[in-house]
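Take a look at the structure below.
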Amino acid sequence: MTPLSRPQMAWRAAQDIDNGWCVNLGIGLPTMVSDHIPPGREIVFHSENGLLGMGPKPAPNEVDPDLINAGKGLTTLITGGSFFHHADAFLMIRGGHLDLSIMGAFEVSERGDLANWTTEDPNFPPGVGGAMDLAVGAKRVRVLLEHTTKDGSPRIKAKCAYPLTAERCVSRIYTNLAVIDVTPQGLIVREIVDGLSFDELQQRTEAPLKLANDWGPLVPKLAH
Amino acid sequence: MTPLSRPQMAWRAAQDIDNGWCVNLGIGLPTMVSDHIPPGREIVFHSENGLLGMGPKPAPNEVDPDLINAGKGLTTLITGGSFFHHADAFLMIRGGHLDLSIMGAFEVSERGDLANWTTEDPNFPPGVGGAMDLAVGAKRVRVLLEHTTKDGSPRIKAKCAYPLTAERCVSRIYTNLAVIDVTPQGLIVREIVDGLSFDELQQRTEAPLKLANDWGPLVPKLAH
Amino acid sequence: MIDKQVASIAAALDGIRDGATILSAGFGAVGAPDDLLDGLLAKGVRDLVVVSNNAGSGKRGLAALIDAGLVRKVICSFPRTDDPRAFDAAYKAGRIELELVPQGIISERMRCAAAGLGGFYSPVGVGTKLADGKEVREIDGKRYVFEKPLRGDVALLRAHRADRWGNLAYRKSARNFNPVMAMAAELTVVQTKQMVGLGDIDPECVHTPGIFVDRVVVA
Amino acid sequence: MIDKQVASIAAALDGIRDGATILSAGFGAVGAPDDLLDGLLAKGVRDLVVVSNNAGSGKRGLAALIDAGLVRKVICSFPRTDDPRAFDAAYKAGRIELELVPQGIISERMRCAAAGLGGFYSPVGVGTKLADGKEVREIDGKRYVFEKPLRGDVALLRAHRADRWGNLAYRKSARNFNPVMAMAAELTVVQTKQMVGLGDIDPECVHTPGIFVDRVVVA
């Protein structure tokens, strides 16, 4: 059994983005999703500091210090993009105007609760950024996370142990082992990596899972 | 005794507008105020449909059907003016960003209550427009009205008989007979037209008046 | 590829049903989506609730919808215009309901809906008839009226220029309610005189980003 | 004649007092009024409450104010940056208070103040620690947290271009918090690289109308 690499996880999430969607990608791994949009789909990326139509990193000759993304990295604007102020950027988020938010997560619960803003590490001041706004506001919230912690503890829990970002907000979970939907009937497994059985997946998951009738293998079409 | 004409009332109100103020003029008589700004003062007129820097009526060759004022008459934009949307136009009003609102009034009370939106005439549907927003929002609200009704009844009342636009909002009253301030000490008369005594003014006013120590004659420097 | 342009007024209005709440932009006649309103009339949807600053003038647009008896209720700040006969007649005959809202509160309630908020406290109308029946609350020594979000099923707009993403630019005072209504409806439909190429509207001067727009028709 | 341009940073900051609430624009370093913040440091006003998305990076601007012990409290969404040593040190030493606010709620609370409203109901943070102690209300079947307006004594901005009326245009993502903070303070002070003639900023593309601006300084 080979778990997905981080780029493969981003690739998998990218396959589920429809043509024309407005999408916000969280800082870190979710940012990679934009590198794997299937050809022929025109996607509008939103950045909470006030951009729609965010493009790739600039080439050295395109660098503009006034043009950054939410992670404060340099970025570009594609043709058709626009600039607006911060309150409008979050009106878009909170008002349900984004088709999709993809974020990282520390933990997700059975009912879709999300914990991704603080581990309460006393050595650092907490920071929340736009995570709570995105979690309650976007039409769909999907998360990318390793299926377990480094020491093997499950991160898909009956109940989140870390402080919540929002309740009942996540609709789909992409891990390095599986694709899982959060539904009123509970967590439904859609795809599992080759070589891992459903029972083995359940062992790595605290919350109870159900296997979808039409489940399939999770096969990344991207080199590891 | 000669009461002020309507242009003279507008002239009088214009004298009290300071250089640099952002001012909203109500429909009707207040609109005339902009014709009488003393030379050397640069005033920025606001229109609630989304303009700052409203200018005079257009010359025939300047007419633009997309450029109207709150009264739906054709207007112009002066250099430095700007366009914005309706929610921003009223953010300016409600948030205390306008230095002055000048409106017409049916009645004003002793404590500065304003009634200027409906006479409850059953023959017409009521309309409120932006009067309530302006009355509570501008830094200063001043009103222009005839001192009495056509049949001689006072319009400066102990208590308004018509439905209120807002409570305790008016700070200065310009009539065809006097200039009166609304203060915590009551209504203070600043100016009276020549040939009218304070007692005669009080007879035409329901609310009790006090004469300012430094009161003076109301002398319009504009032909009748 | 994203292309929000549709070929006809009928296609632009497809799916709008009886009973819909319509946000109809414009201030007086300026910036009003007359061709879309005419299309609604032709379509014959009825029992409409229309949110607009005024309640129609003359015989076209909103006035024609009211004359045809298709409008159940108008939410506006000032129903009367220079030629208010359609609304006046319906109002006197008791054929139409009027909800009068202070002008700035119409747009603020729509923005509230657009921003995903549950309501706000407004100083406007406190102590007046228009606050009758509304919750009043004192906050830091000042009284406010509770106002709820106002959302449309459909927004009908008129823009000066549009591109295939639905980015819009308006002209002068025709902007008025258009950007706010664009954000506050489930379905946002725009009539424009001019389709332009993607990028032709300066990214610094897009008045309504395409995220808020569903359909654009040239009219 | 209106002329909001002042000759120096010191003149731009005249009258700002100890204990002031400062709205400090920018997202990271972009659009941040570094020269005005340096001026505050030179002025030596203390006991400041600073509202900003982040809590300073490196050794300049807000970080320098914090290092100098002039900031009593920061209201922000994400204090840490790529070089957070100034805030981290003050925080660990208990020398600074942190009010953590979800990012969109910072700007919405400022807009609420700017719009003269008494507060609003927000869906953000419901059921989380950041709603502790806040009023929660169910409206139409959904739970919301009550949020109050956030007003500044002073807003410090950075614009790309400005004119003598205080009309402003920003550049690309440097717009961020600037237009919202411009509206939400008693005194709004702007640094700009470029003063332009009145009318040089297209009236259709003024990002902050001059009504919100008090002083402009070239820096």
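Ligands are numbered from 1 in the order shown, residues from 1 within each chain, and chains are lettered A, B, ... in the order they appear in the structure tokens.
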Within 6 Å of stretch 103-119 of chain C using only C-alpha atoms, minus same-chain residues under 6 positions, as a PyMOL selection string: (chain A and resi 91+94-95) or (chain B and resi 87+90+129-130) or (chain C and resi 77+147-151+183-184) or (chain D and resi 120-122)
Could you give me the residues within chain C that DSSP places in alpha helix (DSSP H), as a ChimeraX atom specification? /C:9-12,34-43,61-67,85-92,103-114,178-183
Report as an MDAnalysis selection string the set of chain C residues whose atoms approach chain A to within 10 Å, with distances computed over only C-alpha atoms. chainID C and resid 1:4 111:117 163:167 183:184 186 197:212
Could you please take those selected residues and save N, CA, C and O atoms as a compact mmCIF listing (two decimals), in the first residue's frame?
```txt
# COMPACT_ATOMS: atom_id res chain seq x y z
N MET C 1 -14.14 26.65 -20.17
CA MET C 1 -14.34 28.04 -20.55
C MET C 1 -15.64 28.58 -19.93
O MET C 1 -16.65 27.90 -19.88
N ILE C 2 -15.54 29.78 -19.42
CA ILE C 2 -16.69 30.43 -18.79
C ILE C 2 -17.30 31.39 -19.80
O ILE C 2 -16.58 32.22 -20.36
N ASP C 3 -18.59 31.27 -20.03
CA ASP C 3 -19.26 32.25 -20.88
C ASP C 3 -20.68 32.47 -20.38
O ASP C 3 -21.56 31.63 -20.57
N LYS C 4 -20.89 33.59 -19.73
CA LYS C 4 -22.18 33.85 -19.10
C LYS C 4 -23.15 34.56 -20.05
O LYS C 4 -24.29 34.81 -19.67
N ARG C 111 -27.33 44.34 1.18
CA ARG C 111 -25.91 44.04 1.44
C ARG C 111 -25.76 43.04 2.58
O ARG C 111 -24.90 42.16 2.56
N CYS C 112 -26.59 43.17 3.59
CA CYS C 112 -26.56 42.26 4.73
C CYS C 112 -26.79 40.82 4.27
O CYS C 112 -26.07 39.90 4.67
N ALA C 113 -27.78 40.63 3.40
CA ALA C 113 -28.03 39.30 2.83
C ALA C 113 -26.82 38.85 2.02
O ALA C 113 -26.35 37.71 2.16
N ALA C 114 -26.30 39.75 1.21
CA ALA C 114 -25.16 39.42 0.35
C ALA C 114 -23.95 38.99 1.17
O ALA C 114 -23.16 38.14 0.73
N ALA C 115 -23.81 39.56 2.36
CA ALA C 115 -22.63 39.31 3.19
C ALA C 115 -22.84 38.14 4.14
O ALA C 115 -21.98 37.87 4.98
N GLY C 116 -23.98 37.46 4.04
CA GLY C 116 -24.20 36.28 4.86
C GLY C 116 -24.49 36.57 6.32
O GLY C 116 -24.31 35.71 7.18
N LEU C 117 -24.95 37.78 6.61
CA LEU C 117 -25.23 38.17 7.99
C LEU C 117 -26.70 37.95 8.33
O LEU C 117 -27.55 37.87 7.43
N ASP C 163 -18.21 41.50 -19.56
CA ASP C 163 -17.40 40.52 -20.28
C ASP C 163 -17.95 39.12 -20.01
O ASP C 163 -18.92 38.96 -19.27
N ARG C 164 -17.32 38.11 -20.61
CA ARG C 164 -17.90 36.77 -20.55
C ARG C 164 -17.85 36.15 -19.15
O ARG C 164 -18.59 35.21 -18.86
N TRP C 165 -17.00 36.65 -18.26
CA TRP C 165 -17.02 36.21 -16.87
C TRP C 165 -18.15 36.86 -16.07
O TRP C 165 -18.38 36.49 -14.93
N GLY C 166 -18.77 37.88 -16.65
CA GLY C 166 -19.79 38.62 -15.91
C GLY C 166 -19.24 39.81 -15.14
O GLY C 166 -19.95 40.41 -14.35
N ASN C 167 -17.97 40.15 -15.36
CA ASN C 167 -17.45 41.41 -14.78
C ASN C 167 -18.23 42.57 -15.38
O ASN C 167 -18.47 42.59 -16.60
N MET C 183 -25.21 41.35 -5.78
CA MET C 183 -24.67 40.46 -4.75
C MET C 183 -25.74 39.74 -3.94
O MET C 183 -25.41 38.83 -3.18
N ALA C 184 -26.99 40.19 -4.06
CA ALA C 184 -28.00 39.79 -3.06
C ALA C 184 -29.06 38.84 -3.58
O ALA C 184 -30.06 38.62 -2.91
N GLU C 186 -30.21 35.02 -5.70
CA GLU C 186 -29.79 33.67 -6.12
C GLU C 186 -29.35 33.67 -7.57
O GLU C 186 -28.44 32.95 -7.96
N GLY C 197 -14.19 42.33 -24.49
CA GLY C 197 -13.30 41.20 -24.29
C GLY C 197 -12.86 41.09 -22.85
O GLY C 197 -12.79 42.09 -22.13
N LEU C 198 -12.56 39.86 -22.43
CA LEU C 198 -12.05 39.64 -21.09
C LEU C 198 -10.79 40.49 -20.91
O LEU C 198 -9.90 40.48 -21.77
N GLY C 199 -10.71 41.22 -19.84
CA GLY C 199 -9.56 42.08 -19.58
C GLY C 199 -9.75 43.51 -20.07
O GLY C 199 -8.95 44.38 -19.73
N ASP C 200 -10.78 43.76 -20.87
CA ASP C 200 -11.00 45.13 -21.35
C ASP C 200 -11.49 46.06 -20.25
O ASP C 200 -11.31 47.28 -20.33
N ILE C 201 -12.14 45.49 -19.24
CA ILE C 201 -12.46 46.32 -18.07
C ILE C 201 -11.24 46.26 -17.15
O ILE C 201 -10.81 45.17 -16.75
N ASP C 202 -10.68 47.40 -16.85
CA ASP C 202 -9.48 47.49 -16.00
C ASP C 202 -9.73 46.74 -14.68
O ASP C 202 -10.73 47.01 -14.01
N PRO C 203 -8.84 45.81 -14.30
CA PRO C 203 -9.05 45.06 -13.05
C PRO C 203 -9.16 45.96 -11.81
O PRO C 203 -9.72 45.55 -10.81
N GLU C 204 -8.64 47.17 -11.90
CA GLU C 204 -8.75 48.12 -10.78
C GLU C 204 -10.12 48.80 -10.75
O GLU C 204 -10.44 49.50 -9.79
N CYS C 205 -10.90 48.64 -11.82
CA CYS C 205 -12.15 49.40 -11.97
C CYS C 205 -13.33 48.49 -12.31
O CYS C 205 -14.27 48.95 -12.97
N VAL C 206 -13.26 47.25 -11.92
CA VAL C 206 -14.42 46.37 -12.09
C VAL C 206 -15.41 46.75 -10.99
O VAL C 206 -15.10 46.66 -9.81
N HIS C 207 -16.60 47.18 -11.36
CA HIS C 207 -17.57 47.61 -10.34
C HIS C 207 -18.30 46.43 -9.73
O HIS C 207 -18.64 46.45 -8.55
N THR C 208 -18.58 45.42 -10.53
CA THR C 208 -19.16 44.17 -10.04
C THR C 208 -18.34 43.01 -10.57
O THR C 208 -18.36 42.74 -11.77
N PRO C 209 -17.59 42.32 -9.70
CA PRO C 209 -16.83 41.15 -10.16
C PRO C 209 -17.78 40.03 -10.61
O PRO C 209 -18.88 39.87 -10.06
N GLY C 210 -17.33 39.29 -11.59
CA GLY C 210 -18.16 38.26 -12.21
C GLY C 210 -18.69 37.20 -11.26
O GLY C 210 -19.69 36.54 -11.57
N ILE C 211 -18.08 37.03 -10.12
CA ILE C 211 -18.56 36.03 -9.14
C ILE C 211 -20.02 36.24 -8.79
O ILE C 211 -20.72 35.30 -8.43
N PHE C 212 -20.51 37.46 -8.92
CA PHE C 212 -21.88 37.75 -8.52
C PHE C 212 -22.88 37.60 -9.67
O PHE C 212 -24.08 37.78 -9.47
```
Can you give me chain C superposed onto chain D, least-squares on all Cα in order, written as an mmCIF file with C-alpha atoms, in the first residue's frame?
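Result file follows (selection.cif):
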```
data_model
loop_
_atom_site.group_PDB
_atom_site.id
_atom_site.type_symbol
_atom_site.label_atom_id
_atom_site.label_comp_id
_atom_site.auth_asym_id
_atom_site.auth_seq_id
_atom_site.Cartn_x
_atom_site.Cartn_y
_atom_site.Cartn_z
ATOM 1 C CA MET C 1 -10.329 75.708 -1.602
ATOM 2 C CA ILE C 2 -9.855 72.234 -0.211
ATOM 3 C CA ASP C 3 -6.316 70.974 0.255
ATOM 4 C CA LYS C 4 -5.774 67.977 2.485
ATOM 5 C CA GLN C 5 -2.076 67.626 1.721
ATOM 6 C CA VAL C 6 0.201 68.311 4.694
ATOM 7 C CA ALA C 7 3.910 68.980 4.516
ATOM 8 C CA SER C 8 5.395 66.376 6.814
ATOM 9 C CA ILE C 9 4.813 63.103 8.588
ATOM 10 C CA ALA C 10 4.788 65.030 11.870
ATOM 11 C CA ALA C 11 2.018 67.308 10.600
ATOM 12 C CA ALA C 12 0.112 64.269 9.345
ATOM 13 C CA LEU C 13 0.185 62.739 12.820
ATOM 14 C CA ASP C 14 -0.516 65.927 14.754
ATOM 15 C CA GLY C 15 -2.942 65.505 17.627
ATOM 16 C CA ILE C 16 -2.700 61.710 17.963
ATOM 17 C CA ARG C 17 -2.641 60.958 21.663
ATOM 18 C CA ASP C 18 -1.629 58.246 24.097
ATOM 19 C CA GLY C 19 -4.271 55.541 24.319
ATOM 20 C CA ALA C 20 -5.521 56.038 20.757
ATOM 21 C CA THR C 21 -7.018 53.191 18.754
ATOM 22 C CA ILE C 22 -5.083 53.026 15.484
ATOM 23 C CA LEU C 23 -6.409 51.253 12.398
ATOM 24 C CA SER C 24 -3.279 50.235 10.548
ATOM 25 C CA ALA C 25 -3.874 49.134 6.972
ATOM 26 C CA GLY C 26 -2.026 46.569 4.911
ATOM 27 C CA PHE C 27 -1.971 42.820 4.508
ATOM 28 C CA GLY C 28 1.455 41.695 5.539
ATOM 29 C CA ALA C 29 3.743 44.430 4.249
ATOM 30 C CA VAL C 30 1.615 45.257 1.186
ATOM 31 C CA GLY C 31 -0.352 48.469 1.504
ATOM 32 C CA ALA C 32 0.996 49.137 4.993
ATOM 33 C CA PRO C 33 1.711 52.751 6.017
ATOM 34 C CA ASP C 34 5.286 52.176 7.175
ATOM 35 C CA ASP C 35 6.362 55.799 7.143
ATOM 36 C CA LEU C 36 3.376 56.860 9.227
ATOM 37 C CA LEU C 37 4.049 54.050 11.685
ATOM 38 C CA ASP C 38 7.690 55.142 11.912
ATOM 39 C CA GLY C 39 6.369 58.618 12.581
ATOM 40 C CA LEU C 40 4.249 57.326 15.447
ATOM 41 C CA LEU C 41 7.372 55.729 16.898
ATOM 42 C CA ALA C 42 9.273 58.998 16.641
ATOM 43 C CA LYS C 43 6.349 60.822 18.202
ATOM 44 C CA GLY C 44 6.441 58.385 21.106
ATOM 45 C CA VAL C 45 2.711 58.105 21.738
ATOM 46 C CA ARG C 46 2.064 55.073 23.907
ATOM 47 C CA ASP C 47 -0.624 52.791 25.293
ATOM 48 C CA LEU C 48 -1.892 52.304 21.753
ATOM 49 C CA VAL C 49 -4.518 49.809 20.618
ATOM 50 C CA VAL C 50 -3.669 48.722 17.084
ATOM 51 C CA VAL C 51 -6.138 47.077 14.701
ATOM 52 C CA SER C 52 -4.384 45.316 11.848
ATOM 53 C CA ASN C 53 -4.549 41.994 10.070
ATOM 54 C CA ASN C 54 -1.123 40.955 11.368
ATOM 55 C CA ALA C 55 1.018 42.058 14.263
ATOM 56 C CA GLY C 56 4.121 43.297 12.503
ATOM 57 C CA SER C 57 7.050 41.658 10.807
ATOM 58 C CA GLY C 58 10.781 42.237 11.128
ATOM 59 C CA LYS C 59 11.920 45.438 12.774
ATOM 60 C CA ARG C 60 9.997 48.215 11.071
ATOM 61 C CA GLY C 61 6.508 49.636 11.236
ATOM 62 C CA LEU C 62 4.171 47.970 13.713
ATOM 63 C CA ALA C 63 6.940 45.630 14.885
ATOM 64 C CA ALA C 64 9.070 48.608 15.908
ATOM 65 C CA LEU C 65 6.166 50.162 17.834
ATOM 66 C CA ILE C 66 5.651 46.888 19.674
ATOM 67 C CA ASP C 67 9.377 46.538 20.383
ATOM 68 C CA ALA C 68 9.396 50.025 21.848
ATOM 69 C CA GLY C 69 6.583 49.061 24.225
ATOM 70 C CA LEU C 70 4.153 51.614 22.792
ATOM 71 C CA VAL C 71 1.372 49.134 21.969
ATOM 72 C CA ARG C 72 -0.934 47.950 24.760
ATOM 73 C CA LYS C 73 -3.150 45.733 22.653
ATOM 74 C CA VAL C 74 -3.381 44.294 19.152
ATOM 75 C CA ILE C 75 -6.703 43.396 17.524
ATOM 76 C CA CYS C 76 -5.915 41.107 14.606
ATOM 77 C CA SER C 77 -6.695 37.794 12.938
ATOM 78 C CA PHE C 78 -3.221 36.368 12.618
ATOM 79 C CA PRO C 79 -0.437 37.875 14.721
ATOM 80 C CA ARG C 80 2.386 35.777 13.308
ATOM 81 C CA THR C 81 4.220 36.589 10.113
ATOM 82 C CA ASP C 82 7.397 35.366 8.501
ATOM 83 C CA ASP C 83 9.417 37.309 11.091
ATOM 84 C CA PRO C 84 7.221 37.649 14.179
ATOM 85 C CA ARG C 85 9.882 38.215 16.835
ATOM 86 C CA ALA C 86 8.647 41.608 18.072
ATOM 87 C CA PHE C 87 5.107 40.447 18.777
ATOM 88 C CA ASP C 88 6.194 37.001 19.981
ATOM 89 C CA ALA C 89 8.587 38.485 22.520
ATOM 90 C CA ALA C 90 6.047 40.976 23.852
ATOM 91 C CA TYR C 91 3.365 38.282 24.001
ATOM 92 C CA LYS C 92 5.535 35.800 25.870
ATOM 93 C CA ALA C 93 6.597 38.504 28.301
ATOM 94 C CA GLY C 94 2.956 39.385 28.939
ATOM 95 C CA ARG C 95 3.605 42.938 27.753
ATOM 96 C CA ILE C 96 0.863 42.961 25.128
ATOM 97 C CA GLU C 97 -2.779 41.990 24.945
ATOM 98 C CA LEU C 98 -4.164 40.079 21.943
ATOM 99 C CA GLU C 99 -7.781 40.174 20.768
ATOM 100 C CA LEU C 100 -8.121 37.576 18.071
ATOM 101 C CA VAL C 101 -10.914 38.247 15.552
ATOM 102 C CA PRO C 102 -11.777 36.157 12.492
ATOM 103 C CA GLN C 103 -10.274 37.958 9.547
ATOM 104 C CA GLY C 104 -13.478 38.918 7.760
ATOM 105 C CA ILE C 105 -15.057 40.062 10.995
ATOM 106 C CA ILE C 106 -12.319 42.649 11.519
ATOM 107 C CA SER C 107 -13.221 44.417 8.302
ATOM 108 C CA GLU C 108 -16.960 43.853 8.728
ATOM 109 C CA ARG C 109 -16.903 45.354 12.247
ATOM 110 C CA MET C 110 -15.048 48.393 10.899
ATOM 111 C CA ARG C 111 -17.525 48.728 8.044
ATOM 112 C CA CYS C 112 -20.338 48.475 10.590
ATOM 113 C CA ALA C 113 -18.870 51.434 12.483
ATOM 114 C CA ALA C 114 -18.336 53.312 9.232
ATOM 115 C CA ALA C 115 -21.968 52.767 8.262
ATOM 116 C CA GLY C 116 -23.350 54.080 11.554
ATOM 117 C CA LEU C 117 -24.801 50.731 12.616
ATOM 118 C CA GLY C 118 -24.991 49.382 16.152
ATOM 119 C CA GLY C 119 -23.836 45.850 15.412
ATOM 120 C CA PHE C 120 -24.644 42.777 13.336
ATOM 121 C CA TYR C 121 -25.253 39.069 13.596
ATOM 122 C CA SER C 122 -22.496 36.942 12.105
ATOM 123 C CA PRO C 123 -22.422 33.221 11.375
ATOM 124 C CA VAL C 124 -18.637 33.166 11.874
ATOM 125 C CA GLY C 125 -17.296 31.554 15.027
ATOM 126 C CA VAL C 126 -20.590 30.069 16.231
ATOM 127 C CA GLY C 127 -19.819 27.092 18.438
ATOM 128 C CA THR C 128 -16.127 28.011 18.753
ATOM 129 C CA LYS C 129 -13.904 29.537 21.422
ATOM 130 C CA LEU C 130 -13.922 32.874 19.624
ATOM 131 C CA ALA C 131 -17.643 33.159 20.394
ATOM 132 C CA ASP C 132 -17.074 32.674 24.137
ATOM 133 C CA GLY C 133 -18.886 35.349 26.051
ATOM 134 C CA LYS C 134 -20.670 36.679 22.987
ATOM 135 C CA GLU C 135 -24.431 36.801 22.550
ATOM 136 C CA VAL C 136 -25.706 34.025 20.283
ATOM 137 C CA ARG C 137 -29.087 34.362 18.597
ATOM 138 C CA GLU C 138 -31.049 32.082 16.330
ATOM 139 C CA ILE C 139 -32.511 33.879 13.316
ATOM 140 C CA ASP C 140 -34.653 31.946 10.845
ATOM 141 C CA GLY C 141 -33.292 28.667 12.163
ATOM 142 C CA LYS C 142 -29.595 29.551 11.993
ATOM 143 C CA ARG C 143 -27.341 30.608 14.867
ATOM 144 C CA TYR C 144 -25.397 33.871 14.760
ATOM 145 C CA VAL C 145 -22.963 35.686 17.036
ATOM 146 C CA PHE C 146 -23.531 39.362 17.822
ATOM 147 C CA GLU C 147 -20.611 41.540 16.729
ATOM 148 C CA LYS C 148 -20.185 45.181 17.626
ATOM 149 C CA PRO C 149 -18.816 48.015 15.510
ATOM 150 C CA LEU C 150 -15.066 48.611 15.652
ATOM 151 C CA ARG C 151 -14.109 52.261 15.297
ATOM 152 C CA GLY C 152 -10.682 53.850 15.270
ATOM 153 C CA ASP C 153 -9.527 57.181 16.561
ATOM 154 C CA VAL C 154 -7.069 57.223 13.698
ATOM 155 C CA ALA C 155 -6.679 55.267 10.451
ATOM 156 C CA LEU C 156 -3.236 55.113 8.856
ATOM 157 C CA LEU C 157 -3.305 54.230 5.166
ATOM 158 C CA ARG C 158 -1.063 53.879 2.163
ATOM 159 C CA ALA C 159 -2.434 54.827 -1.245
ATOM 160 C CA HIS C 160 -0.900 54.672 -4.690
ATOM 161 C CA ARG C 161 -2.265 58.035 -5.813
ATOM 162 C CA ALA C 162 -4.100 60.850 -4.050
ATOM 163 C CA ASP C 163 -5.460 64.297 -4.934
ATOM 164 C CA ARG C 164 -6.025 67.417 -2.856
ATOM 165 C CA TRP C 165 -9.605 66.402 -1.980
ATOM 166 C CA GLY C 166 -8.264 63.158 -0.544
ATOM 167 C CA ASN C 167 -9.611 60.948 -3.338
ATOM 168 C CA LEU C 168 -7.496 57.806 -3.351
ATOM 169 C CA ALA C 169 -6.570 54.999 -5.711
ATOM 170 C CA TYR C 170 -4.677 51.910 -4.609
ATOM 171 C CA ARG C 171 -2.639 49.481 -6.627
ATOM 172 C CA LYS C 172 -3.444 45.752 -7.017
ATOM 173 C CA SER C 173 -3.556 43.833 -3.749
ATOM 174 C CA ALA C 174 -2.306 46.854 -1.798
ATOM 175 C CA ARG C 175 -5.950 47.934 -1.636
ATOM 176 C CA ASN C 176 -6.854 45.317 1.033
ATOM 177 C CA PHE C 177 -7.885 46.968 4.327
ATOM 178 C CA ASN C 178 -7.246 50.547 3.192
ATOM 179 C CA PRO C 179 -10.730 51.498 1.911
ATOM 180 C CA VAL C 180 -12.493 49.992 4.926
ATOM 181 C CA MET C 181 -10.211 51.593 7.500
ATOM 182 C CA ALA C 182 -10.481 54.937 5.683
ATOM 183 C CA MET C 183 -14.191 54.985 6.512
ATOM 184 C CA ALA C 184 -14.001 53.819 10.119
ATOM 185 C CA ALA C 185 -11.875 56.376 11.978
ATOM 186 C CA GLU C 186 -12.315 59.871 13.354
ATOM 187 C CA LEU C 187 -9.079 60.954 11.688
ATOM 188 C CA THR C 188 -7.902 59.346 8.453
ATOM 189 C CA VAL C 189 -4.297 59.935 7.425
ATOM 190 C CA VAL C 190 -2.806 58.720 4.159
ATOM 191 C CA GLN C 191 0.730 58.341 2.889
ATOM 192 C CA THR C 192 1.122 58.256 -0.861
ATOM 193 C CA LYS C 193 3.987 58.188 -3.295
ATOM 194 C CA GLN C 194 2.168 60.410 -5.727
ATOM 195 C CA MET C 195 -0.050 63.479 -5.501
ATOM 196 C CA VAL C 196 -2.018 63.949 -8.711
ATOM 197 C CA GLY C 197 -4.181 66.769 -9.994
ATOM 198 C CA LEU C 198 -7.844 66.911 -9.116
ATOM 199 C CA GLY C 199 -9.677 64.856 -11.738
ATOM 200 C CA ASP C 200 -6.645 62.741 -12.647
ATOM 201 C CA ILE C 201 -8.197 59.787 -10.849
ATOM 202 C CA ASP C 202 -11.087 58.669 -13.064
ATOM 203 C CA PRO C 203 -14.378 59.426 -11.210
ATOM 204 C CA GLU C 204 -15.501 55.884 -12.085
ATOM 205 C CA CYS C 205 -12.409 54.421 -10.368
ATOM 206 C CA VAL C 206 -11.973 56.371 -7.158
ATOM 207 C CA HIS C 207 -11.394 53.632 -4.583
ATOM 208 C CA THR C 208 -11.768 55.920 -1.563
ATOM 209 C CA PRO C 209 -13.728 59.152 -2.063
ATOM 210 C CA GLY C 210 -12.195 62.167 -0.357
ATOM 211 C CA ILE C 211 -15.082 62.470 2.106
ATOM 212 C CA PHE C 212 -13.362 59.807 4.198
ATOM 213 C CA VAL C 213 -9.891 61.369 4.188
ATOM 214 C CA ASP C 214 -8.511 64.112 6.432
ATOM 215 C CA ARG C 215 -4.792 64.380 5.653
ATOM 216 C CA VAL C 216 -2.468 63.246 2.888
ATOM 217 C CA VAL C 217 1.320 63.257 3.023
ATOM 218 C CA VAL C 218 3.805 62.283 0.347
ATOM 219 C CA ALA C 219 6.137 59.546 1.615
#
```
Leaving out B:Val179 and any residue of its chain fewer than 2 positions from it, which residues lie within 7 Å of it when counting only C-alpha atoms, given as a list in words?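 So the residues in contact are Ile173, Tyr174, Thr175, Asp181, Val189, Arg190, Glu191 and Ile192 of chain B.
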Okay, now the selection with C-alpha atoms, as an mmCIF file, in the first residue's frame?
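Contents of again_19.cif, as written:
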```cif
data_model
loop_
_atom_site.group_PDB
_atom_site.id
_atom_site.type_symbol
_atom_site.label_atom_id
_atom_site.label_comp_id
_atom_site.auth_asym_id
_atom_site.auth_seq_id
_atom_site.Cartn_x
_atom_site.Cartn_y
_atom_site.Cartn_z
ATOM 1 C CA ILE B 173 -33.996 76.229 11.438
ATOM 2 C CA TYR B 174 -34.167 78.735 8.589
ATOM 3 C CA THR B 175 -37.615 80.209 7.999
ATOM 4 C CA ASP B 181 -31.008 77.260 16.777
ATOM 5 C CA VAL B 189 -33.520 83.025 17.941
ATOM 6 C CA ARG B 190 -30.396 84.279 16.181
ATOM 7 C CA GLU B 191 -31.892 86.519 13.515
ATOM 8 C CA ILE B 192 -35.304 88.089 12.801
#
```
Point-to-point distance in Å for atom CA of B:Leu29 and atom CA of B:Leu187: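 According to the coordinates, atom CA of B:Leu187 and atom CA of B:Leu29 are separated by 22.9 Å.
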Among stretch 29-203 of chain A, which residues does DSSP mark as strand (DSSP E) when it is run on the backbone? Keep the chain and numbering as in the structure and answer as JSON, numbers by chain. {"A": [44, 45, 46, 47, 51, 52, 53, 54, 77, 78, 79, 80, 81, 82, 83, 100, 101, 102, 103, 104, 107, 108, 109, 114, 115, 141, 142, 143, 144, 156, 157, 170, 171, 172, 173, 174, 178, 179, 180, 181, 182, 183, 186, 187, 188, 189, 190, 191, 192, 193]}
